[in-house]
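Visitor: Contents of work_27.pdb (PDB, C-alpha atoms):
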ATOM      1  CA  GLY A 109       0.000   0.000   0.000
ATOM      2  CA  THR A 110       0.945   3.634   0.141
ATOM      3  CA  SER A 111       1.092   6.160   2.908
ATOM      4  CA  ASP A 112       1.200   9.852   2.104
ATOM      5  CA  GLY A 113       1.905   8.865  -1.505
ATOM      6  CA  VAL A 114       4.961   6.752  -0.595
ATOM      7  CA  ALA A 115       5.054   2.969  -1.065
ATOM      8  CA  CYS A 116       5.148   1.076   2.248
ATOM      9  CA  SER A 117       7.191  -2.003   2.991
ATOM     10  CA  ALA A 118       7.311  -4.299   5.989
ATOM     11  CA  CYS A 119       9.977  -3.712   8.580
ATOM     12  CA  ASP A 120      12.809  -6.238   8.440
ATOM     13  CA  ALA A 121      13.298  -8.898  11.108
ATOM     14  CA  ASP A 122      14.714  -7.493  14.366
ATOM     15  CA  THR A 123      13.178  -4.086  13.665
ATOM     16  CA  TYR A 124       9.718  -2.680  14.405
ATOM     17  CA  LYS A 125       7.401   0.268  13.838
ATOM     18  CA  ASN A 126       4.515   0.758  16.244
ATOM     19  CA  ALA A 127       2.790   3.731  14.584
ATOM     20  CA  THR A 128       0.994   4.162  11.277
ATOM     21  CA  GLY A 129       2.151   6.649   8.681
ATOM     22  CA  VAL A 130       5.516   7.675   7.377
ATOM     23  CA  GLY A 131       8.456   6.719   9.553
ATOM     24  CA  GLN A 132      11.497   4.571   9.940
ATOM     25  CA  CYS A 133      11.633   1.078  11.353
ATOM     26  CA  LEU A 134      13.507   1.028  14.663
ATOM     27  CA  THR A 135      16.068  -1.564  15.700
ATOM     28  CA  CYS A 136      14.943  -3.886  18.482
ATOM     29  CA  PRO A 137      16.583  -3.179  21.846
ATOM     30  CA  ALA A 138      19.391  -5.425  23.104
ATOM     31  CA  ASN A 139      18.410  -9.034  23.869
ATOM     32  CA  SER A 140      15.139  -8.793  21.945
ATOM     33  CA  GLU A 141      13.999  -9.684  18.442
ATOM     34  CA  SER A 142      11.082  -9.515  16.045
ATOM     35  CA  ALA A 143       9.764 -11.147  12.912
ATOM     36  CA  ALA A 144       9.519  -9.090   9.713
ATOM     37  CA  GLY A 145       6.568  -6.674   9.793
ATOM     38  CA  SER A 146       6.408  -6.487  13.600
ATOM     39  CA  VAL A 147       5.011  -3.667  15.712
ATOM     40  CA  VAL A 148       6.839  -4.773  18.878
ATOM     41  CA  CYS A 149       9.989  -6.667  19.827
ATOM     42  CA  GLN A 150       9.992  -9.649  22.184
ATOM     43  CA  CYS A 151      12.690 -10.835  24.585
ATOM     44  CA  SER A 152      15.039 -13.406  23.089
ATOM     45  CA  ALA A 153      15.415 -16.897  24.553
ATOM     46  CA  GLY A 154      17.403 -16.654  27.794
ATOM     47  CA  PHE A 155      15.945 -13.201  28.553
ATOM     48  CA  THR A 156      12.680 -12.025  30.085
ATOM     49  CA  GLY A 157      10.667  -8.827  30.302
ATOM     50  CA  PRO A 158       7.472  -7.255  28.961
ATOM     51  CA  ASP A 159       7.102  -7.147  25.171
ATOM     52  CA  GLY A 160       8.615  -3.931  23.810
ATOM     53  CA  GLU A 161      10.549  -3.171  26.983
ATOM     54  CA  GLU A 162      13.968  -3.936  28.467
ATOM     55  CA  CYS A 163      14.904  -7.614  28.553
ATOM     56  CA  VAL A 164      17.043  -8.982  31.374
ATOM     57  CA  GLY A 165      18.954 -12.248  31.354
ATOM     58  CA  CYS A 166      17.600 -15.256  33.189
ATOM     59  CA  VAL A 167      19.542 -15.536  36.443
ATOM     60  CA  ALA A 168      21.701 -18.563  37.211
ATOM     61  CA  GLY A 169      19.524 -21.533  38.162
ATOM     62  CA  THR A 170      16.947 -20.641  35.495
ATOM     63  CA  TYR A 171      16.531 -20.830  31.712
ATOM     64  CA  LYS A 172      14.083 -19.751  28.979
ATOM     65  CA  VAL A 173      13.784 -21.660  25.719
ATOM     66  CA  ASN A 174      11.446 -19.409  23.686
ATOM     67  CA  THR A 175      11.163 -15.745  22.762
ATOM     68  CA  GLY A 176       8.509 -13.655  24.490
ATOM     69  CA  SER A 177       7.597 -12.238  27.874
ATOM     70  CA  ALA A 178       7.345 -15.540  29.776
ATOM     71  CA  VAL A 179       9.244 -15.867  33.039
ATOM     72  CA  CYS A 180      12.403 -17.947  33.185
ATOM     73  CA  ASN A 181      11.967 -21.592  34.243
ATOM     74  CA  LEU A 182      13.662 -22.923  37.380
ATOM     75  CA  CYS A 183      16.154 -25.763  37.142
ATOM     76  CA  ALA A 184      14.437 -28.852  38.574
ATOM     77  CA  LEU A 185      15.054 -30.422  41.984
ATOM     78  CA  ASP A 186      18.532 -31.933  42.378
ATOM     79  CA  LEU A 187      19.921 -29.829  39.511
ATOM     80  CA  TYR A 188      21.833 -26.534  39.473
ATOM     81  CA  SER A 189      23.135 -24.082  36.877
ATOM     82  CA  THR A 190      25.692 -21.285  37.071
ATOM     83  CA  THR A 191      24.819 -20.070  33.540
ATOM     84  CA  VAL A 192      23.240 -16.619  33.162
ATOM     85  CA  ALA A 193      20.805 -16.109  30.227
ATOM     86  CA  ALA A 194      20.535 -19.877  29.697
ATOM     87  CA  VAL A 195      18.424 -20.957  26.719
ATOM     88  CA  THR A 196      18.022 -24.680  27.448
ATOM     89  CA  PRO A 197      17.325 -26.920  30.464
ATOM     90  CA  ASP A 198      20.515 -28.791  29.483
ATOM     91  CA  THR A 199      22.466 -26.074  31.326
ATOM     92  CA  CYS A 200      20.985 -27.467  34.561
ATOM     93  CA  LEU A 201      23.505 -30.010  35.836
ATOM     94  CA  GLY A 202      22.948 -32.910  38.196
ATOM     95  CA  CYS A 203      24.060 -32.663  41.799
ATOM     96  CA  PRO A 204      26.862 -34.991  42.926
ATOM     97  CA  THR A 205      26.061 -38.527  44.065
ATOM     98  CA  HIS A 206      23.733 -38.794  47.095
ATOM     99  CA  THR A 207      23.093 -35.033  47.302
ATOM    100  CA  ARG A 208      20.009 -32.898  46.616
ATOM    101  CA  SER A 209      19.162 -29.285  45.865
ATOM    102  CA  ASP A 210      16.054 -27.116  45.666
ATOM    103  CA  GLU A 211      14.504 -25.908  42.406
ATOM    104  CA  GLY A 212      16.379 -22.958  40.921
ATOM    105  CA  SER A 213      19.723 -23.782  42.555
ATOM    106  CA  ASP A 214      22.489 -21.617  41.112
ATOM    107  CA  GLU A 215      25.709 -23.230  42.324
ATOM    108  CA  ILE A 216      27.052 -26.695  43.059
ATOM    109  CA  THR A 217      27.338 -25.878  46.765
ATOM    110  CA  ASP A 218      23.521 -25.760  46.849
ATOM    111  CA  CYS A 219      23.735 -29.570  46.566
ATOM    112  CA  SER A 220      23.876 -31.070  50.059
ATOM    113  CA  CYS A 221      24.080 -34.588  51.473
ATOM    114  CA  LEU A 222      20.860 -36.580  51.818
ATOM    115  CA  VAL A 223      19.838 -37.939  55.207
ATOM    116  CA  GLY A 224      21.635 -41.253  55.794
ATOM    117  CA  TYR A 225      24.740 -39.936  53.963
ATOM    118  CA  SER A 226      27.790 -38.078  55.262
ATOM    119  CA  GLY A 227      30.087 -35.537  53.678
ATOM    120  CA  THR A 228      32.564 -32.850  54.585
ATOM    121  CA  SER A 229      31.463 -30.104  52.171
ATOM    122  CA  ASP A 230      28.373 -29.052  50.213
ATOM    123  CA  GLY A 231      28.716 -29.661  46.492
ATOM    124  CA  ALA A 232      30.723 -32.865  46.888
ATOM    125  CA  ALA A 233      29.599 -36.487  46.632
ATOM    126  CA  CYS A 234      28.416 -38.022  49.888
ATOM    127  CA  THR A 235      28.884 -41.537  51.243
ATOM    128  CA  ALA A 236      26.320 -43.800  52.876
ATOM    129  CA  CYS A 237      26.339 -44.106  56.639
ATOM    130  CA  GLU A 238      27.955 -47.405  57.607
ATOM    131  CA  PRO A 239      25.908 -50.092  59.361
ATOM    132  CA  ASP A 240      25.301 -49.244  63.042
ATOM    133  CA  THR A 241      25.365 -45.500  62.336
ATOM    134  CA  TYR A 242      22.736 -42.940  61.207
ATOM    135  CA  LYS A 243      22.405 -39.309  60.107
ATOM    136  CA  SER A 244      19.007 -37.603  60.368
ATOM    137  CA  ALA A 245      19.869 -34.188  58.897
ATOM    138  CA  THR A 246      20.661 -33.124  55.344
ATOM    139  CA  GLY A 247      23.904 -31.322  54.632
ATOM    140  CA  VAL A 248      27.463 -31.564  55.838
ATOM    141  CA  GLY A 249      28.119 -33.826  58.792
ATOM    142  CA  GLN A 250      29.202 -37.223  59.937
ATOM    143  CA  CYS A 251      27.040 -40.198  60.797
ATOM    144  CA  SER A 252      26.397 -40.826  64.482
ATOM    145  CA  ALA A 253      26.952 -44.163  66.170
ATOM    146  CA  CYS A 254      23.913 -46.112  67.301
ATOM    147  CA  PRO A 255      23.592 -46.497  71.078
ATOM    148  CA  ALA A 256      25.428 -49.471  72.621
ATOM    149  CA  GLY A 257      23.591 -52.752  72.102
ATOM    150  CA  THR A 258      21.684 -51.505  69.006
ATOM    151  CA  SER A 259      22.392 -51.801  65.305
ATOM    152  CA  SER A 260      21.182 -50.380  62.005
ATOM    153  CA  ALA A 261      21.483 -50.990  58.290
ATOM    154  CA  SER A 262      23.676 -48.770  56.116
ATOM    155  CA  ARG A 263      22.112 -45.441  55.032
ATOM    156  CA  SER A 264      20.066 -45.238  58.236
ATOM    157  CA  ASN A 265      18.569 -41.807  58.754
ATOM    158  CA  GLU A 266      17.000 -41.882  62.225
ATOM    159  CA  LEU A 267      18.042 -42.901  65.736
ATOM    160  CA  THR A 268      14.940 -45.085  65.745
ATOM    161  CA  ASP A 269      16.545 -47.133  62.916
ATOM    162  CA  CYS A 270      19.032 -48.419  65.516
TER     163      CYS A 270
END
Go ahead and render the structure in this file as structure tokens.
Guide:
Amino acid sequence: GTSDGVACSACDADTYKNATGVGQCLTCPANSESAAGSVVCQCSAGFTGPDGEECVGCVAGTYKVNTGSAVCNLCALDLYSTTVAAVTPDTCLGCPTHTRSDEGSDEITDCSCLVGYSGTSDGAACTACEPDTYKSATGVGQCSACPAGTSSASRSNELTDC
């Protein structure tokens, strides 16, 4: 069509024009994009924010696969990610053996020993409590001995297991 006697053409990809009439297409702001002919830019994968506004990177422990204004997704339980502006759940890495972490964990030290397992530092693999010992708390710590005259299986997690 024409506008004010001038032929119109669609804005190129990664540009936009949100008003009718004569005017230039504007470049999408950083970390956003648009399809050809768009009136607004959307946040790129790995970034979030309202359409047409500033886009901020997904924080460590999160990711966003698609363009748009959706919030970033949390890494699942027992996973963590140190990557900022992650675009795939594959950036979420598994915690070491016999440890766990909450959703959205952003560093390996968020992974802590399960009950029934001992370890000397968060973010490191943990070992099962030996028979006749137990550990009832998550995190760093050693297994406790069962009271005299009692016994327990390996990986015991309560005094009452003795």
Visitor: For segment 192-196 of chain A, work out the shell of residues within 9 Å, counting all atoms listed in the file and skipping chain neighbours fewer than 5 positions away, then give it as a PyMOL selection string.
Guide: chain A and resi 153-155+164-174
Visitor: Which distance in Å separates atom CA of Cys151 of chain A and atom CA of Asp218 of chain A, to one decimal?
Guide: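 Pair atom CA of Cys151 of chain A / atom CA of Asp218 of chain A returns 28.9 Å.
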Visitor: Write out as a CSV table (one decimal) with C-alpha atoms, in the coordinates of the input which residues come within 8 Å of segment 241-247 of chain A when counting only C-alpha atoms, dropping same-chain ones fewer than 6 positions away.
Guide:
chain,number,residue,atom,x,y,z
A,220,SER,CA,23.9,-31.1,50.1
A,221,CYS,CA,24.1,-34.6,51.5
A,222,LEU,CA,20.9,-36.6,51.8
A,223,VAL,CA,19.8,-37.9,55.2
A,224,GLY,CA,21.6,-41.3,55.8
A,225,TYR,CA,24.7,-39.9,54.0
A,226,SER,CA,27.8,-38.1,55.3
A,227,GLY,CA,30.1,-35.5,53.7
A,230,ASP,CA,28.4,-29.1,50.2
A,253,ALA,CA,27.0,-44.2,66.2
A,254,CYS,CA,23.9,-46.1,67.3
A,259,SER,CA,22.4,-51.8,65.3
A,260,SER,CA,21.2,-50.4,62.0
A,261,ALA,CA,21.5,-51.0,58.3
A,262,SER,CA,23.7,-48.8,56.1
A,263,ARG,CA,22.1,-45.4,55.0
A,264,SER,CA,20.1,-45.2,58.2
A,265,ASN,CA,18.6,-41.8,58.8
A,266,GLU,CA,17.0,-41.9,62.2
A,267,LEU,CA,18.0,-42.9,65.7
A,269,ASP,CA,16.5,-47.1,62.9
A,270,CYS,CA,19.0,-48.4,65.5
Visitor: Here is a test: counting all atoms listed in the file, which residue of A:Gly212, A:Pro137, A:Gly129, A:Gly257 is nearest to Cys163 of chain A?
Guide: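 Smallest distance to Cys163 of chain A is found for A:Pro137.
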Visitor: Between A:Thr199, A:Thr191, A:Asn139, A:Thr207, which one has atoms that come closest to Thr175 of chain A, using all atoms listed in the file?
Guide: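 For Thr175 of chain A, the nearest of the candidates is A:Asn139.
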Visitor: Measure the distance from atom CA of Ser189 of chain A to atom CA of Glu161 of chain A in Å and round it to one decimal.
Guide: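 Interatomic distance here is 26.3 Å.
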Visitor: Show me as a PDB file with C-alpha atoms, in the coordinates of the input the residues that reach within 9 Å of (32.0, -32.2, 44.0), counting all atoms listed in the file and using the file's own coordinates.
Guide:
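Dumped to point_32.pdb:
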ATOM      1  CA  CYS A 203      24.060 -32.663  41.799  1.00  0.00           C
ATOM      2  CA  PRO A 204      26.862 -34.991  42.926  1.00  0.00           C
ATOM      3  CA  THR A 205      26.061 -38.527  44.065  1.00  0.00           C
ATOM      4  CA  ILE A 216      27.052 -26.695  43.059  1.00  0.00           C
ATOM      5  CA  THR A 217      27.338 -25.878  46.765  1.00  0.00           C
ATOM      6  CA  SER A 229      31.463 -30.104  52.171  1.00  0.00           C
ATOM      7  CA  ASP A 230      28.373 -29.052  50.213  1.00  0.00           C
ATOM      8  CA  GLY A 231      28.716 -29.661  46.492  1.00  0.00           C
ATOM      9  CA  ALA A 232      30.723 -32.865  46.888  1.00  0.00           C
ATOM     10  CA  ALA A 233      29.599 -36.487  46.632  1.00  0.00           C
TER      11      ALA A 233
END
Visitor: Grab the atom CA of Ser146 of chain A to atom CA of Tyr124 of chain A distance for me, in Å with one decimal place.
Guide: 5.1 Å
Visitor: Do you know which residues are at most 6 Å from Gln150 of chain A counting all atoms listed in the file, after dropping those on the same chain fewer than 4 positions away, and could you put them as a PyMOL selection string?
Guide: chain A and resi 140-141+159+176
Visitor: Identify all residues satisfying the PyMOL selection byres ((chain A and resi 123) around 10) in the given file; provide them as a compact mmCIF listing (two decimals) with C-alpha atoms, in the frame of the given file.
Guide:
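Everything below was put into expr.txt:
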# COMPACT_ATOMS: atom_id res chain seq x y z
CA ALA A 118 7.31 -4.30 5.99
CA CYS A 119 9.98 -3.71 8.58
CA ASP A 120 12.81 -6.24 8.44
CA ALA A 121 13.30 -8.90 11.11
CA ASP A 122 14.71 -7.49 14.37
CA TYR A 124 9.72 -2.68 14.40
CA LYS A 125 7.40 0.27 13.84
CA GLN A 132 11.50 4.57 9.94
CA CYS A 133 11.63 1.08 11.35
CA LEU A 134 13.51 1.03 14.66
CA THR A 135 16.07 -1.56 15.70
CA CYS A 136 14.94 -3.89 18.48
CA PRO A 137 16.58 -3.18 21.85
CA SER A 140 15.14 -8.79 21.94
CA GLU A 141 14.00 -9.68 18.44
CA SER A 142 11.08 -9.52 16.05
CA ALA A 143 9.76 -11.15 12.91
CA ALA A 144 9.52 -9.09 9.71
CA GLY A 145 6.57 -6.67 9.79
CA SER A 146 6.41 -6.49 13.60
CA VAL A 147 5.01 -3.67 15.71
CA VAL A 148 6.84 -4.77 18.88
CA CYS A 149 9.99 -6.67 19.83
Visitor: In terms of the shortest atom-to-atom distance over all atoms listed in the file, which of A:Asp240, A:Val130, A:Leu187, A:Cys116 is closest to Glu215 of chain A?
Guide: A:Leu187
Visitor: Using only C-alpha atoms, which of the listed residues (A:Ala127, A:Cys180, A:Val248, A:Ala138) sits closest to Arg208 of chain A?
Guide: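 Ranked by minimum distance to Arg208 of chain A, first place goes to A:Val248.
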Visitor: Missing atoms in segment 214-250 of chain A: can you complete it with N, CA and C atoms, as a PDB file, in the coordinates of the input?
Guide:
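Result file is result_11.pdb:
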ATOM      1  N   ASP A 214      21.594 -22.325  42.025  1.00  0.00           N
ATOM      2  CA  ASP A 214      22.489 -21.617  41.112  1.00  0.00           C
ATOM      3  C   ASP A 214      23.977 -21.879  41.333  1.00  0.00           C
ATOM      4  N   GLU A 215      24.301 -22.843  42.165  1.00  0.00           N
ATOM      5  CA  GLU A 215      25.709 -23.230  42.324  1.00  0.00           C
ATOM      6  C   GLU A 215      25.785 -24.641  42.902  1.00  0.00           C
ATOM      7  N   ILE A 216      26.903 -25.299  42.641  1.00  0.00           N
ATOM      8  CA  ILE A 216      27.052 -26.695  43.059  1.00  0.00           C
ATOM      9  C   ILE A 216      26.980 -26.831  44.579  1.00  0.00           C
ATOM     10  N   THR A 217      27.384 -25.795  45.298  1.00  0.00           N
ATOM     11  CA  THR A 217      27.338 -25.878  46.765  1.00  0.00           C
ATOM     12  C   THR A 217      25.911 -25.840  47.303  1.00  0.00           C
ATOM     13  N   ASP A 218      24.918 -25.622  46.428  1.00  0.00           N
ATOM     14  CA  ASP A 218      23.521 -25.760  46.849  1.00  0.00           C
ATOM     15  C   ASP A 218      23.132 -27.230  46.990  1.00  0.00           C
ATOM     16  N   CYS A 219      23.974 -28.130  46.477  1.00  0.00           N
ATOM     17  CA  CYS A 219      23.735 -29.570  46.566  1.00  0.00           C
ATOM     18  C   CYS A 219      24.291 -30.061  47.900  1.00  0.00           C
ATOM     19  N   SER A 220      23.439 -30.635  48.732  1.00  0.00           N
ATOM     20  CA  SER A 220      23.876 -31.070  50.059  1.00  0.00           C
ATOM     21  C   SER A 220      23.516 -32.540  50.291  1.00  0.00           C
ATOM     22  N   CYS A 221      24.253 -33.158  51.197  1.00  0.00           N
ATOM     23  CA  CYS A 221      24.080 -34.588  51.473  1.00  0.00           C
ATOM     24  C   CYS A 221      22.643 -34.914  51.893  1.00  0.00           C
ATOM     25  N   LEU A 222      22.155 -36.054  51.400  1.00  0.00           N
ATOM     26  CA  LEU A 222      20.860 -36.580  51.818  1.00  0.00           C
ATOM     27  C   LEU A 222      20.958 -37.089  53.254  1.00  0.00           C
ATOM     28  N   VAL A 223      19.823 -37.264  53.911  1.00  0.00           N
ATOM     29  CA  VAL A 223      19.838 -37.939  55.207  1.00  0.00           C
ATOM     30  C   VAL A 223      20.345 -39.360  54.968  1.00  0.00           C
ATOM     31  N   GLY A 224      21.078 -39.908  55.939  1.00  0.00           N
ATOM     32  CA  GLY A 224      21.635 -41.253  55.794  1.00  0.00           C
ATOM     33  C   GLY A 224      22.966 -41.262  55.050  1.00  0.00           C
ATOM     34  N   TYR A 225      23.472 -40.066  54.682  1.00  0.00           N
ATOM     35  CA  TYR A 225      24.740 -39.936  53.963  1.00  0.00           C
ATOM     36  C   TYR A 225      25.577 -38.849  54.612  1.00  0.00           C
ATOM     37  N   SER A 226      26.899 -39.049  54.636  1.00  0.00           N
ATOM     38  CA  SER A 226      27.790 -38.078  55.262  1.00  0.00           C
ATOM     39  C   SER A 226      28.693 -37.445  54.214  1.00  0.00           C
ATOM     40  N   GLY A 227      29.169 -36.256  54.540  1.00  0.00           N
ATOM     41  CA  GLY A 227      30.087 -35.537  53.678  1.00  0.00           C
ATOM     42  C   GLY A 227      30.717 -34.395  54.438  1.00  0.00           C
ATOM     43  N   THR A 228      31.824 -33.905  53.897  1.00  0.00           N
ATOM     44  CA  THR A 228      32.564 -32.850  54.585  1.00  0.00           C
ATOM     45  C   THR A 228      32.352 -31.473  53.967  1.00  0.00           C
ATOM     46  N   SER A 229      31.735 -31.412  52.765  1.00  0.00           N
ATOM     47  CA  SER A 229      31.463 -30.104  52.171  1.00  0.00           C
ATOM     48  C   SER A 229      30.282 -30.192  51.209  1.00  0.00           C
ATOM     49  N   ASP A 230      29.474 -29.127  51.170  1.00  0.00           N
ATOM     50  CA  ASP A 230      28.373 -29.052  50.213  1.00  0.00           C
ATOM     51  C   ASP A 230      28.953 -29.011  48.805  1.00  0.00           C
ATOM     52  N   GLY A 231      28.261 -29.640  47.870  1.00  0.00           N
ATOM     53  CA  GLY A 231      28.716 -29.661  46.492  1.00  0.00           C
ATOM     54  C   GLY A 231      29.624 -30.822  46.158  1.00  0.00           C
ATOM     55  N   ALA A 232      29.875 -31.682  47.117  1.00  0.00           N
ATOM     56  CA  ALA A 232      30.723 -32.865  46.888  1.00  0.00           C
ATOM     57  C   ALA A 232      29.890 -34.126  47.101  1.00  0.00           C
ATOM     58  N   ALA A 233      30.306 -35.219  46.477  1.00  0.00           N
ATOM     59  CA  ALA A 233      29.599 -36.487  46.632  1.00  0.00           C
ATOM     60  C   ALA A 233      29.597 -36.904  48.102  1.00  0.00           C
ATOM     61  N   CYS A 234      28.550 -37.574  48.502  1.00  0.00           N
ATOM     62  CA  CYS A 234      28.416 -38.022  49.888  1.00  0.00           C
ATOM     63  C   CYS A 234      28.435 -39.550  49.922  1.00  0.00           C
ATOM     64  N   THR A 235      28.801 -40.086  51.088  1.00  0.00           N
ATOM     65  CA  THR A 235      28.884 -41.537  51.243  1.00  0.00           C
ATOM     66  C   THR A 235      27.845 -42.016  52.242  1.00  0.00           C
ATOM     67  N   ALA A 236      27.354 -43.220  52.018  1.00  0.00           N
ATOM     68  CA  ALA A 236      26.320 -43.800  52.876  1.00  0.00           C
ATOM     69  C   ALA A 236      26.851 -44.009  54.289  1.00  0.00           C
ATOM     70  N   CYS A 237      25.988 -43.774  55.255  1.00  0.00           N
ATOM     71  CA  CYS A 237      26.339 -44.106  56.639  1.00  0.00           C
ATOM     72  C   CYS A 237      26.584 -45.615  56.719  1.00  0.00           C
ATOM     73  N   GLU A 238      27.612 -45.993  57.420  1.00  0.00           N
ATOM     74  CA  GLU A 238      27.955 -47.405  57.607  1.00  0.00           C
ATOM     75  C   GLU A 238      26.885 -48.079  58.468  1.00  0.00           C
ATOM     76  N   PRO A 239      26.811 -49.407  58.426  1.00  0.00           N
ATOM     77  CA  PRO A 239      25.908 -50.092  59.361  1.00  0.00           C
ATOM     78  C   PRO A 239      26.211 -49.658  60.804  1.00  0.00           C
ATOM     79  N   ASP A 240      25.202 -49.615  61.627  1.00  0.00           N
ATOM     80  CA  ASP A 240      25.301 -49.244  63.042  1.00  0.00           C
ATOM     81  C   ASP A 240      25.566 -47.755  63.246  1.00  0.00           C
ATOM     82  N   THR A 241      25.303 -46.956  62.209  1.00  0.00           N
ATOM     83  CA  THR A 241      25.365 -45.500  62.336  1.00  0.00           C
ATOM     84  C   THR A 241      24.141 -44.920  61.621  1.00  0.00           C
ATOM     85  N   TYR A 242      23.874 -43.611  61.843  1.00  0.00           N
ATOM     86  CA  TYR A 242      22.736 -42.940  61.207  1.00  0.00           C
ATOM     87  C   TYR A 242      23.048 -41.449  61.079  1.00  0.00           C
ATOM     88  N   LYS A 243      22.326 -40.775  60.226  1.00  0.00           N
ATOM     89  CA  LYS A 243      22.405 -39.309  60.107  1.00  0.00           C
ATOM     90  C   LYS A 243      21.023 -38.824  59.709  1.00  0.00           C
ATOM     91  N   SER A 244      20.399 -38.014  60.569  1.00  0.00           N
ATOM     92  CA  SER A 244      19.007 -37.603  60.368  1.00  0.00           C
ATOM     93  C   SER A 244      18.860 -36.237  59.719  1.00  0.00           C
ATOM     94  N   ALA A 245      19.954 -35.521  59.495  1.00  0.00           N
ATOM     95  CA  ALA A 245      19.869 -34.188  58.897  1.00  0.00           C
ATOM     96  C   ALA A 245      20.513 -34.184  57.515  1.00  0.00           C
ATOM     97  N   THR A 246      20.004 -33.320  56.624  1.00  0.00           N
ATOM     98  CA  THR A 246      20.661 -33.124  55.344  1.00  0.00           C
ATOM     99  C   THR A 246      21.876 -32.231  55.552  1.00  0.00           C
ATOM    100  N   GLY A 247      22.756 -32.229  54.587  1.00  0.00           N
ATOM    101  CA  GLY A 247      23.904 -31.322  54.632  1.00  0.00           C
ATOM    102  C   GLY A 247      25.165 -31.982  55.129  1.00  0.00           C
ATOM    103  N   VAL A 248      26.153 -31.123  55.372  1.00  0.00           N
ATOM    104  CA  VAL A 248      27.463 -31.564  55.838  1.00  0.00           C
ATOM    105  C   VAL A 248      27.337 -32.184  57.218  1.00  0.00           C
ATOM    106  N   GLY A 249      28.108 -33.215  57.470  1.00  0.00           N
ATOM    107  CA  GLY A 249      28.119 -33.826  58.792  1.00  0.00           C
ATOM    108  C   GLY A 249      28.454 -35.296  58.716  1.00  0.00           C
ATOM    109  N   GLN A 250      28.845 -35.814  59.837  1.00  0.00           N
ATOM    110  CA  GLN A 250      29.202 -37.223  59.937  1.00  0.00           C
ATOM    111  C   GLN A 250      28.016 -38.017  60.475  1.00  0.00           C
TER     112      GLN A 250
END
